[in-house]
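Contents: one structure, followed by commentary.
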Protein chains: 2
Amino acid sequence: MAATAAKQQANRWPALLDAAAMHFADRGYHATTMRDVAEAAGVTPGAVYFHVPTKQALLVAVYAEGVDRIIGHLEASISYATDPSLRFRRAIKAHLESILDASAFARVIVRVLPDDVPEAAAELRGHRDRYEMRFRALITALDLPEGRSSTLLRMLLLGALNSTPVWYRPSKGGLDAIVDEFVAIFGVSPSRRGTAARRRSRR
Amino acid sequence: MAATAAKQQANRWPALLDAAAMHFADRGYHATTMRDVAEAAGVTPGAVYFHVPTKQALLVAVYAEGVDRIIGHLEASISYATDPSLRFRRAIKAHLESILDASAFARVIVRVLPDDVPEAAAELRGHRDRYEMRFRALITALDLPEGRSSTLLRMLLLGALNSTPVWYRPSKGGLDAIVDEFVAIFGVSPSRRGTAARRRSRR
DNA sequence: CAAAGAGCTAAACAATCGTTTAATTAGCAT
DNA sequence: ATGCTAATTAAACGATTGTTTAGCTCTTTG
């Protein structure tokens, strides 16, 4: 017994996860070698295989942790807002914070696509979908004008959001300036907001 | 003399370019081996090095050809339109056609980022910028509402456009249905279009 | 016909890859 | 102290990588 506690004798697993996240995010999956990860974690290549059976499993572990973190940050950011369009804005900001900050975990999900690793594609897609489902609910609640597809809106929004790491450089304007632009483009404009719903309720 | 003509004895260079484009677009740069490309072109690995000195140079050649093609298609699509917002719409459709059709050249530019190959990053960025500059002009002509950044609009639009290969599957609705959504989101809404310009000219 | 060169093949090269193996160290229970 | 297990090192494994080399086969040119 006492198996859960009492085993911190030199565990390099957290450091390995961090190092793997950094390299996968910055260079991609195929350009990252197990030796890169091991060296960044201050460990011998062989040590990685004590914690993980394959390189693919290492990516899956990073992916799972990344999705957990990005969902956690999203949930915390929108929890105290009730207005759908405010929740929408907070979600956009939370997403940007996740993929633009120094922690690389969320960036891995954006950069490494499931199809990059066919053997693990299904598992990666599973984790990815967990987040996308959460995002979908926020958009469904938005009450779009008639004729607009909420699925397409989500795809376009996530595409635009996820490409920010490529071009964004922190400026004095801060993130809010960019969030404003996202809302201006993707947010339902005030003059038309809720038109469909009001029409449906004869008013 | 007569050097330009009279030398088609069995040139596999076009086939090699095509094969390289397909593999780079489908699997990415690092996951594509020179043997993959050679085999797809029906050629021995050594033959590739008759036409190109390195793998990076092969990517640069594909990149250059891809940018030429996507610019050519864009130019042809907007040439007979004069209204800026119509040209904008045509450009969106042309871009989607380029990166969604079977020819893989344009998809390579979308998938393989300059930073993926540091030694060739500058050259790749050069080609990429040729296209982005052309796109920039179309947006500048759009006459946005006050406070909106045309640079940011371009970044968000290209981000959304370039992520379509990840999720788009050809449907009976055709491309126009999706182009409509892009215009609905990124196009300047009619009720506000030109407000700033009209205000500037006192009318 | 002979010489030249363009285009390619066959075979190998050294380097690097993901991964495995055996031996070693450190902490904990008995 | 002794044994036990978690965690790691050092060193190697075979496979695959980008690339090179030498030679072969056509077509063209003089």
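Identifiers for the structure tokens are assigned positionally: chains receive A, B, ... in sequence, residues are indexed from 1 per chain, and ligands are indexed from 1 in the order shown.
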
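Since chain A and chain B share the same sequence, their Cα atoms can be paired directly; the RMSD after superposition is 0.1 Å.
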
Chain A residues near chain B (9 Å cut-off, only C-alpha atoms) as a ChimeraX atom specification: /A:27-31,113,115-116,148-149,152-153,155-164,166-167,178,181-182,184-188

At most 12 Å is the cut-off: for each residue in chain D with any atom that close to an atom of range 2-18 of chain C, write down the nearest atom pair and the distance in Å rounded to one decimal, counting only C-alpha atoms (C1' of nucleotides), chain first then increasing number, as CSV.
residue,atom,partner,partner_atom,distance
D:DC13,C1',C:DG18,C1',10.7
D:DG14,C1',C:DG18,C1',10.3
D:DA15,C1',C:DC17,C1',8.2
D:DT16,C1',C:DC17,C1',7.0
D:DT17,C1',C:DT16,C1',7.0
D:DG18,C1',C:DA15,C1',9.0
D:DT19,C1',C:DC13,C1',8.2
D:DT20,C1',C:DC13,C1',7.1
D:DT21,C1',C:DA12,C1',8.1
D:DA22,C1',C:DA11,C1',9.3
D:DG23,C1',C:DT9,C1',8.7
D:DC24,C1',C:DT9,C1',7.4
D:DT25,C1',C:DC8,C1',8.1
D:DC26,C1',C:DG7,C1',8.6
D:DT27,C1',C:DA6,C1',8.6
D:DT28,C1',C:DA4,C1',8.8
D:DT29,C1',C:DA4,C1',8.4
D:DG30,C1',C:DA3,C1',8.8

Please dump the current selection as a PDB file, in the first residue's frame; keep C-alpha atoms (C1' of nucleotides).
ATOM      1  C1'  DC D  13      20.552  -2.313 -32.867  1.00  0.00           C
ATOM      2  C1'  DG D  14      18.521  -2.399 -37.591  1.00  0.00           C
ATOM      3  C1'  DA D  15      16.030   0.504 -40.617  1.00  0.00           C
ATOM      4  C1'  DT D  16      15.616   4.578 -43.158  1.00  0.00           C
ATOM      5  C1'  DT D  17      17.242   8.998 -44.460  1.00  0.00           C
ATOM      6  C1'  DG D  18      19.378  12.470 -47.973  1.00  0.00           C
ATOM      7  C1'  DT D  19      22.863  12.135 -51.083  1.00  0.00           C
ATOM      8  C1'  DT D  20      26.830  10.489 -54.102  1.00  0.00           C
ATOM      9  C1'  DT D  21      29.207   7.821 -57.425  1.00  0.00           C
ATOM     10  C1'  DA D  22      30.170   5.281 -61.582  1.00  0.00           C
ATOM     11  C1'  DG D  23      28.370   3.561 -65.495  1.00  0.00           C
ATOM     12  C1'  DC D  24      24.714   2.787 -68.979  1.00  0.00           C
ATOM     13  C1'  DT D  25      21.505   4.256 -72.876  1.00  0.00           C
ATOM     14  C1'  DC D  26      19.648   6.950 -75.874  1.00  0.00           C
ATOM     15  C1'  DT D  27      19.441  11.346 -79.113  1.00  0.00           C
ATOM     16  C1'  DT D  28      21.685  14.811 -81.414  1.00  0.00           C
ATOM     17  C1'  DT D  29      25.426  16.997 -83.938  1.00  0.00           C
ATOM     18  C1'  DG D  30      29.415  17.388 -86.873  1.00  0.00           C
TER      19       DG D  30
END
